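Asker: Structure file my_file.cif, mmCIF, C-alpha atoms and all ligand atoms, is pasted below:
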```
data_start
#
loop_
_atom_site.label_atom_id
_atom_site.label_comp_id
_atom_site.auth_asym_id
_atom_site.auth_seq_id
_atom_site.Cartn_x
_atom_site.Cartn_y
_atom_site.Cartn_z
CA MET T 1 78.20 124.55 65.27
CA THR T 2 80.30 123.16 68.08
CA THR T 3 80.91 119.43 68.27
CA PRO T 4 78.93 117.87 71.13
CA ILE T 5 80.96 116.58 74.05
CA LEU T 6 80.29 114.28 76.96
CA ILE T 7 81.28 114.87 80.57
CA ASP T 8 82.21 111.94 82.78
CA THR T 9 81.07 113.36 86.13
CA HIS T 10 82.66 110.66 88.28
CA ALA T 11 86.03 108.98 87.75
CA HIS T 12 89.03 107.78 89.77
CA ILE T 13 91.98 108.21 87.43
CA ASN T 14 94.51 108.25 90.30
CA PHE T 15 93.93 104.56 91.08
CA ASN T 16 96.85 102.25 90.33
CA GLU T 17 94.75 100.42 87.71
CA TYR T 18 95.93 103.28 85.43
CA ASP T 19 99.58 103.45 86.49
CA SER T 20 100.86 101.92 83.26
CA ASP T 21 98.72 103.89 80.77
CA ARG T 22 97.09 106.91 82.47
CA GLU T 23 97.97 109.32 79.63
CA GLU T 24 96.62 106.96 76.97
CA VAL T 25 93.38 106.57 78.92
CA MET T 26 92.98 110.35 79.13
CA GLU T 27 93.81 110.72 75.45
CA ARG T 28 91.37 108.00 74.49
CA ALA T 29 88.68 109.74 76.56
CA PHE T 30 89.28 113.02 74.74
CA ASN T 31 89.26 111.35 71.32
CA SER T 32 85.96 109.62 72.13
CA GLY T 33 84.27 112.96 72.79
CA VAL T 34 84.73 113.16 76.57
CA GLY T 35 85.81 116.79 76.80
CA LYS T 36 85.76 117.04 80.60
CA ILE T 37 86.02 114.72 83.58
CA LEU T 38 85.23 115.32 87.24
CA HIS T 39 87.56 113.31 89.45
CA SER T 40 86.06 112.13 92.72
CA CYS T 41 88.06 111.92 95.95
CA CYS T 42 87.87 109.14 98.57
CA ARG T 43 90.55 110.10 101.11
CA ILE T 44 92.30 113.27 102.24
CA ASN T 45 95.68 111.82 101.34
CA GLU T 46 94.63 111.64 97.67
CA ILE T 47 94.11 115.39 97.32
CA GLU T 48 97.71 116.27 96.53
CA THR T 49 97.78 113.75 93.66
CA LEU T 50 94.45 115.02 92.36
CA LEU T 51 95.72 118.60 92.32
CA LYS T 52 98.71 117.44 90.26
CA LEU T 53 96.56 115.44 87.86
CA SER T 54 94.23 118.39 87.34
CA LYS T 55 97.21 120.47 86.21
CA GLN T 56 98.61 117.72 84.00
CA PHE T 57 95.33 117.02 82.18
CA ASN T 58 94.23 120.43 81.05
CA GLY T 59 92.74 119.93 77.60
CA ASN T 60 95.36 119.91 74.80
CA GLY T 61 94.62 116.44 73.50
CA PHE T 62 93.52 115.12 76.90
CA SER T 63 90.16 115.45 78.64
CA ASP T 64 90.13 118.48 80.92
CA LEU T 65 90.27 117.13 84.49
CA TYR T 66 88.42 118.82 87.36
CA ILE T 67 88.47 117.51 90.91
CA ALA T 68 86.44 117.07 94.07
CA VAL T 69 87.69 117.01 97.65
CA GLY T 70 86.17 114.70 100.25
CA VAL T 71 86.10 111.46 102.22
CA HIS T 72 84.17 108.38 101.07
CA PRO T 73 81.75 106.88 103.63
CA THR T 74 83.64 103.57 103.75
CA GLU T 75 86.82 105.54 104.54
CA PHE T 76 85.25 107.03 107.69
CA HIS T 77 88.09 105.61 109.83
CA SER T 78 90.53 107.93 108.05
CA TRP T 79 88.63 110.94 109.42
CA ASP T 80 89.96 112.17 112.77
CA ASN T 81 89.92 115.45 114.69
CA GLU T 82 92.53 116.97 112.44
CA SER T 83 90.82 116.02 109.18
CA GLU T 84 88.36 118.86 109.24
CA SER T 85 91.04 121.53 109.74
CA GLU T 86 93.20 119.81 107.12
CA ILE T 87 90.43 119.94 104.48
CA LEU T 88 89.58 123.51 105.49
CA ALA T 89 93.18 124.59 105.04
CA ILE T 90 93.40 122.92 101.62
CA LEU T 91 90.15 124.52 100.43
CA ASP T 92 91.12 127.96 101.75
CA LYS T 93 94.46 127.78 99.98
CA GLU T 94 93.40 126.18 96.70
CA LEU T 95 90.15 128.07 96.13
CA ALA T 96 92.12 131.31 96.36
CA GLN T 97 94.11 130.30 93.25
CA PRO T 98 92.51 131.84 90.15
CA ASP T 99 93.06 128.71 88.04
CA HIS T 100 92.05 126.09 90.63
CA LYS T 101 89.97 123.14 89.42
CA ILE T 102 88.17 122.10 92.63
CA ARG T 103 84.48 121.92 91.77
CA ALA T 104 82.78 119.76 94.40
CA ILE T 105 82.87 118.21 97.87
CA GLY T 106 82.85 114.42 97.77
CA GLU T 107 82.40 111.74 97.49
CA THR T 108 80.56 111.65 100.77
CA GLY T 109 77.38 109.97 101.94
CA LEU T 110 76.30 106.72 103.55
CA ASP T 111 77.18 103.13 102.72
CA TYR T 112 75.32 100.67 104.94
CA TYR T 113 76.08 97.82 102.52
CA HIS T 114 79.77 97.81 103.38
CA CYS T 115 79.44 99.15 106.95
CA THR T 116 76.80 97.25 108.89
CA THR T 117 77.36 98.11 112.57
CA GLY T 118 75.57 100.93 114.36
CA ALA T 119 78.86 102.53 115.40
CA GLU T 120 80.22 102.59 111.83
CA GLN T 121 77.00 104.03 110.46
CA GLU T 122 76.90 106.68 113.18
CA LYS T 123 80.42 107.78 112.26
CA GLN T 124 79.42 107.88 108.57
CA ARG T 125 76.49 110.17 109.36
CA GLU T 126 78.78 112.41 111.40
CA ILE T 127 81.34 112.93 108.62
CA PHE T 128 78.57 113.22 106.01
CA ASN T 129 77.05 116.11 107.99
CA LYS T 130 80.46 117.74 108.37
CA GLN T 131 81.13 117.56 104.65
CA ILE T 132 77.71 119.03 103.86
CA GLU T 133 78.64 121.95 106.13
CA LEU T 134 81.89 122.33 104.16
CA ALA T 135 80.00 122.34 100.87
CA LYS T 136 77.66 125.04 102.12
CA ARG T 137 80.49 127.13 103.51
CA PHE T 138 82.43 127.08 100.22
CA GLN T 139 79.32 127.03 98.02
CA LEU T 140 80.38 123.84 96.28
CA PRO T 141 78.00 121.10 95.11
CA LEU T 142 78.14 117.68 96.79
CA ILE T 143 78.94 114.33 95.19
CA ILE T 144 76.85 111.84 97.14
CA HIS T 145 77.42 108.11 97.44
CA THR T 146 74.52 106.23 98.98
CA ARG T 147 74.08 102.48 99.24
CA ASP T 148 71.40 100.64 101.24
CA ALA T 149 70.84 103.90 103.11
CA GLU T 150 68.17 105.80 101.20
CA SER T 151 66.02 106.86 104.13
CA ASP T 152 68.91 108.14 106.31
CA THR T 153 70.46 109.89 103.29
CA LEU T 154 67.18 111.61 102.57
CA ASN T 155 66.68 112.63 106.21
CA ILE T 156 70.11 114.25 106.29
CA LEU T 157 69.65 116.00 102.94
CA GLU T 158 66.23 117.27 104.01
CA ALA T 159 67.63 118.64 107.26
CA HIS T 160 70.18 120.66 105.31
CA PHE T 161 68.44 121.59 102.09
CA LYS T 162 64.69 121.56 102.61
CA ASN T 163 64.54 125.31 102.99
CA THR T 164 67.12 126.26 100.38
CA LYS T 165 66.04 127.28 96.93
CA SER T 166 69.28 126.33 95.17
CA ASP T 167 69.12 123.78 92.34
CA ARG T 168 72.89 123.30 92.51
CA ASN T 169 73.24 121.32 95.74
CA GLY T 170 74.93 118.34 94.13
CA THR T 171 74.51 114.94 92.53
CA ILE T 172 73.49 111.47 93.65
CA HIS T 173 76.28 109.60 91.94
CA CYS T 174 75.98 106.12 90.43
CA PHE T 175 72.26 106.12 91.08
CA THR T 176 70.73 102.74 91.94
CA GLY T 177 67.80 103.83 94.09
CA SER T 178 64.05 103.97 93.78
CA GLN T 179 61.96 106.37 91.73
CA ASP T 180 60.63 108.04 94.90
CA PHE T 181 64.15 108.59 96.19
CA ALA T 182 65.26 110.10 92.85
CA LEU T 183 62.34 112.52 92.74
CA ALA T 184 62.80 113.51 96.41
CA CYS T 185 66.49 114.28 95.79
CA ILE T 186 65.64 116.35 92.71
CA GLU T 187 63.15 118.29 94.84
CA LEU T 188 66.04 119.10 97.21
CA GLY T 189 68.16 120.55 94.40
CA PHE T 190 70.13 117.45 93.37
CA PHE T 191 70.91 115.87 90.02
CA ILE T 192 70.77 112.13 89.31
CA SER T 193 73.87 110.57 87.76
CA TRP T 194 73.74 107.30 85.80
CA SER T 195 76.72 104.96 85.53
CA GLY T 196 77.40 101.76 83.56
CA ILE T 197 74.98 99.97 85.90
CA LEU T 198 72.20 101.43 83.74
CA THR T 199 73.41 99.23 80.86
CA PHE T 200 73.51 95.95 82.83
CA LYS T 201 71.11 93.23 81.67
CA SER T 202 69.83 92.96 85.24
CA SER T 203 69.03 96.69 85.55
CA LYS T 204 65.56 96.62 84.05
CA SER T 205 63.90 98.38 86.98
CA LEU T 206 66.65 101.02 87.09
CA ARG T 207 65.95 101.82 83.42
CA GLU T 208 62.30 102.33 84.41
CA VAL T 209 63.45 104.91 86.97
CA ALA T 210 65.64 106.61 84.33
CA LYS T 211 62.56 106.91 82.11
CA VAL T 212 60.89 109.05 84.78
CA VAL T 213 63.85 111.20 85.86
CA PRO T 214 63.72 114.43 83.81
CA LEU T 215 66.62 114.79 81.39
CA GLU T 216 67.32 118.30 82.65
CA LYS T 217 68.23 116.72 86.03
CA THR T 218 70.40 113.96 84.55
CA LEU T 219 74.16 113.45 84.50
CA VAL T 220 76.32 110.60 83.19
CA GLU T 221 79.44 109.04 84.68
CA THR T 222 81.64 105.95 84.67
CA ASP T 223 82.83 105.61 88.31
CA CYS T 224 85.87 104.05 86.63
CA PRO T 225 87.86 101.88 87.18
CA PHE T 226 84.75 100.13 88.54
CA LEU T 227 81.47 99.15 86.88
CA ALA T 228 82.37 98.82 83.21
CA PRO T 229 79.20 98.92 81.09
CA GLN T 230 77.58 95.72 79.83
CA ALA T 231 79.47 95.79 76.51
CA GLN T 232 82.81 95.83 78.38
CA ARG T 233 81.68 94.03 81.52
CA GLY T 234 84.44 92.46 83.60
CA LYS T 235 87.08 94.75 82.11
CA ARG T 236 88.64 97.82 83.66
CA ASN T 237 86.30 100.76 83.14
CA GLU T 238 87.56 104.09 81.74
CA PRO T 239 86.07 107.53 80.93
CA SER T 240 85.62 106.85 77.20
CA TYR T 241 83.04 104.20 78.17
CA VAL T 242 80.67 106.93 79.38
CA ASN T 243 79.59 106.82 75.72
CA TYR T 244 77.81 103.52 76.46
CA VAL T 245 75.86 105.18 79.28
CA ALA T 246 74.80 108.02 76.96
CA GLU T 247 73.74 105.49 74.30
CA GLN T 248 71.68 103.56 76.85
CA LEU T 249 70.03 106.77 77.99
CA SER T 250 69.25 107.76 74.42
CA GLU T 251 67.50 104.41 73.98
CA ILE T 252 65.55 104.85 77.23
CA LYS T 253 64.51 108.41 76.42
CA GLY T 254 63.90 107.80 72.71
CA LEU T 255 66.19 110.70 71.77
CA GLY T 256 69.35 110.97 69.68
CA LYS T 257 72.70 110.52 71.37
CA THR T 258 73.69 114.08 70.38
CA GLU T 259 70.75 115.45 72.29
CA ILE T 260 71.67 113.35 75.35
CA MET T 261 75.26 114.61 75.07
CA ASN T 262 74.18 118.23 74.80
CA ILE T 263 71.75 118.15 77.70
CA THR T 264 73.86 116.13 80.17
CA THR T 265 76.91 118.28 79.34
CA GLN T 266 74.92 121.46 79.84
CA ASN T 267 73.71 120.06 83.21
CA ALA T 268 77.22 119.15 84.38
CA GLU T 269 78.61 122.53 83.27
CA TYR T 270 75.84 124.28 85.19
CA LEU T 271 76.14 122.21 88.37
CA PHE T 272 79.93 122.12 88.64
CA LYS T 273 80.79 125.37 86.83
CA ILE T 274 83.15 123.52 84.49
ZN ZN T 301 83.52 106.88 93.22
#
```
For the file at hand, write its structure as structure tokens.
Ligand SMILES: [Zn+2]
Answerer:
Amino acid sequence: MTTPILIDTHAHINFNEYDSDREEVMERAFNSGVGKILHSCCRINEIETLLKLSKQFNGNGFSDLYIAVGVHPTEFHSWDNESESEILAILDKELAQPDHKIRAIGETGLDYYHCTTGAEQEKQREIFNKQIELAKRFQLPLIIHTRDAESDTLNILEAHFKNTKSDRNGTIHCFTGSQDFALACIELGFFISWSGILTFKSSKSLREVAKVVPLEKTLVETDCPFLAPQAQRGKRNEPSYVNYVAEQLSEIKGLGKTEIMNITTQNAEYLFKI
């Protein structure tokens, strides 16, 4: 029997919060059962570093690090006319390598909490649409960030995916939305990913949503260095803490942690081909 592993489907290991102990963090993740990590991407100028990190952390005592490529909605100002051709060139080149570790487009989406003007939100929608086109073109799943923008996010996802039959269109990362939104996204071929927020004392209603979301559509993540779970709240988050999210989910679902590990890992392996 193989030992169950966990997959942290959303982390930012390149951030300077880890500059002094990145290897130890990755080692600690591996030793805590986190066999694989999917590294999200916020800006085009991070991609080179992510490619390097994905080569450096390749199993062998560290968690195996896979990466995404994309532009975060709050980084919309970094997207200009050249960005699209730049990302295209990177994807064309890297995806041709047999051992590449690019597994998703993102994180992309809408963040109306941080960007409140009509012009900013318009630009976010524009680069969200462009990144969805990229995902379709390269047949990669999307990592979606959405905050205070459920109805526009859903409209855009419906426009692109309503008539597709794929159940591998992506994930709604760090889910904090309503039950209706979760179920509508699942209907469009998306997974729901829970972060440390699920463990917060104040997240009672979110745990109610998690009760309803089918386990076979569920992923777990840390979104580290942000959002450390309740037990570590206020500290720097790290991939090993995804264990707390799995434990919380096991409590919510009334199942053993091993079962949660097996199912969420199977889901992440299926969605991201990792
Ligand atoms: Zn993120």
Asker: Can you tell me which residues surround Leu95 of chain T at a distance of at most 12 Å, considering only C-alpha atoms, apart from same-chain residues fewer than 4 positions away, and format the answer as a short mmCIF file (atom, residue, chain, number, x, y, z; two decimals) with C-alpha atoms, keeping the file's coordinate frame?
Answerer:
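Below is the file result21.cif, written as the result:
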```cif
data_model
loop_
_atom_site.label_atom_id
_atom_site.label_comp_id
_atom_site.auth_asym_id
_atom_site.auth_seq_id
_atom_site.Cartn_x
_atom_site.Cartn_y
_atom_site.Cartn_z
CA LEU T 51 95.72 118.60 92.32
CA ILE T 67 88.47 117.51 90.91
CA ALA T 68 86.44 117.07 94.07
CA VAL T 69 87.69 117.01 97.65
CA ILE T 87 90.43 119.94 104.48
CA LEU T 88 89.58 123.51 105.49
CA ALA T 89 93.18 124.59 105.04
CA ILE T 90 93.40 122.92 101.62
CA LEU T 91 90.15 124.52 100.43
CA ASP T 99 93.06 128.71 88.04
CA HIS T 100 92.05 126.09 90.63
CA LYS T 101 89.97 123.14 89.42
CA ILE T 102 88.17 122.10 92.63
CA ARG T 103 84.48 121.92 91.77
CA ALA T 104 82.78 119.76 94.40
CA PHE T 138 82.43 127.08 100.22
CA GLN T 139 79.32 127.03 98.02
CA LEU T 140 80.38 123.84 96.28
#
```
Asker: Given all atoms listed in the file as the basis, pick out the residue of T:Asp180, T:Glu75, T:Asp92, T:Asp21 nearest to ligand ZN 301 (chain T).
Answerer: T:Glu75
Asker: Using all atoms listed in the file for the distances, tell me which of T:Ile144, T:Cys41, T:Met261, T:Ala246 is nearest to Cys174 of chain T.
Answerer: T:Ile144
Asker: Considering all atoms listed in the file, tabulate each residue of chain T that lies at most 9 Å from ligand ZN 301 (chain T) along with its nearest interatomic pair and the corresponding distance in Å to one decimal; arrange the rows by chain and ascending residue number and present them as CSV.
Answerer:
```
residue,atom,partner,partner_atom,distance
T:His10,CA,T:ZN301,ZN,6.3
T:Ala11,CA,T:ZN301,ZN,6.4
T:His12,CA,T:ZN301,ZN,6.6
T:His39,CA,T:ZN301,ZN,8.5
T:Ser40,CA,T:ZN301,ZN,5.9
T:Cys41,CA,T:ZN301,ZN,7.3
T:Cys42,CA,T:ZN301,ZN,7.3
T:His72,CA,T:ZN301,ZN,8.0
T:Gly106,CA,T:ZN301,ZN,8.8
T:Glu107,CA,T:ZN301,ZN,6.6
T:Ile143,CA,T:ZN301,ZN,9.0
T:His145,CA,T:ZN301,ZN,7.5
T:His173,CA,T:ZN301,ZN,7.8
T:Cys174,CA,T:ZN301,ZN,8.1
T:Thr222,CA,T:ZN301,ZN,8.8
T:Asp223,CA,T:ZN301,ZN,5.1
T:Cys224,CA,T:ZN301,ZN,7.5
T:Pro225,CA,T:ZN301,ZN,9.0
T:Phe226,CA,T:ZN301,ZN,8.3
```
Asker: Using Å and a single decimal, report how far atom CA of Ser83 of chain T sits from atom CA of Ile127 of chain T.
Answerer: 10.0 Å
Asker: Find the residues around segment 206-212 of chain T up to 7 Å (only C-alpha atoms counted), leave out those fewer than 5 positions away in its own chain, and share them as a PyMOL selection string.
Answerer: chain T and resi 176+178-179+198+252-253
Asker: Would you mind telling me which residue in T:Ala29, T:Leu271, T:Ile47, T:Leu249 lies nearest to Ser63 of chain T when using only C-alpha atoms?
Answerer: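 For Ser63 of chain T, the nearest of the given residues is T:Ala29.
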Asker: Given only C-alpha atoms as the basis, pick out the residue of T:Thr9, T:Gln248, T:Thr218, T:Asn237 nearest to Ile263 of chain T.
Answerer: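 Checking each candidate against Ile263 of chain T, we get T:Thr218 as the closest.
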Asker: Check the smallest atom-to-atom distance from each of T:Leu255, T:Leu227, T:Ile37, T:Ile274 to Phe200 of chain T using all atoms listed in the file, then report the winner.
Answerer: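 Under the stated criterion, the closest residue is T:Leu227.
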Asker: Tell me which residues come within 10 Å of (72.1, 118.3, 78.9), as a PyMOL selection string, counting all atoms listed in the file in the file's coordinates.
Answerer: chain T and resi 6-7+215-220+258-270
Asker: Could you write those residues out with C-alpha atoms, as a PDB file, in the coordinates of the input?
Answerer:
```
ATOM      1  CA  LEU T   6      80.290 114.280  76.960  1.00  0.00           C
ATOM      2  CA  ILE T   7      81.280 114.870  80.570  1.00  0.00           C
ATOM      3  CA  LEU T 215      66.620 114.790  81.390  1.00  0.00           C
ATOM      4  CA  GLU T 216      67.320 118.300  82.650  1.00  0.00           C
ATOM      5  CA  LYS T 217      68.230 116.720  86.030  1.00  0.00           C
ATOM      6  CA  THR T 218      70.400 113.960  84.550  1.00  0.00           C
ATOM      7  CA  LEU T 219      74.160 113.450  84.500  1.00  0.00           C
ATOM      8  CA  VAL T 220      76.320 110.600  83.190  1.00  0.00           C
ATOM      9  CA  THR T 258      73.690 114.080  70.380  1.00  0.00           C
ATOM     10  CA  GLU T 259      70.750 115.450  72.290  1.00  0.00           C
ATOM     11  CA  ILE T 260      71.670 113.350  75.350  1.00  0.00           C
ATOM     12  CA  MET T 261      75.260 114.610  75.070  1.00  0.00           C
ATOM     13  CA  ASN T 262      74.180 118.230  74.800  1.00  0.00           C
ATOM     14  CA  ILE T 263      71.750 118.150  77.700  1.00  0.00           C
ATOM     15  CA  THR T 264      73.860 116.130  80.170  1.00  0.00           C
ATOM     16  CA  THR T 265      76.910 118.280  79.340  1.00  0.00           C
ATOM     17  CA  GLN T 266      74.920 121.460  79.840  1.00  0.00           C
ATOM     18  CA  ASN T 267      73.710 120.060  83.210  1.00  0.00           C
ATOM     19  CA  ALA T 268      77.220 119.150  84.380  1.00  0.00           C
ATOM     20  CA  GLU T 269      78.610 122.530  83.270  1.00  0.00           C
ATOM     21  CA  TYR T 270      75.840 124.280  85.190  1.00  0.00           C
TER      22      TYR T 270
END
```
Asker: Counting all atoms listed in the file, figure out which residue out of T:Asp80, T:Glu122, T:Asp167, T:Glu247 gets nearest to Gly196 of chain T.
Answerer: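 Of T:Asp80, T:Glu122, T:Asp167, T:Glu247, the one nearest Gly196 of chain T is T:Glu247, counting all atoms listed in the file.
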Asker: How many Å lie between atom CA of Leu38 of chain T and atom CA of Leu65 of chain T, rounded to one decimal?
Answerer: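 A separation of 6.0 Å between them.
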Asker: Using all atoms listed in the file, find all polymer residues with an atom at most 12 Å away from the point (68.0, 127.2, 96.8); report them as a PyMOL selection string.
Answerer: chain T and resi 136+139+141+160-170+186-190
Asker: Hey, could you pull the box centre and edge lengths for segment 243-255 of chain T, axis-aligned, 8 Å padding per side, all listed atoms, to one decimal in Å, as JSON?
Answerer:
```
{"center_x": 71.7, "center_y": 107.1, "center_z": 75.5, "size_x": 31.7, "size_y": 23.2, "size_z": 23.5}
```
Asker: Between atom CA of Asn155 of chain T and atom CA of Asn129 of chain T, what is the distance in Å, rounded to a tenth?
Answerer: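 Separation of atom CA of Asn155 of chain T and atom CA of Asn129 of chain T: 11.1 Å.
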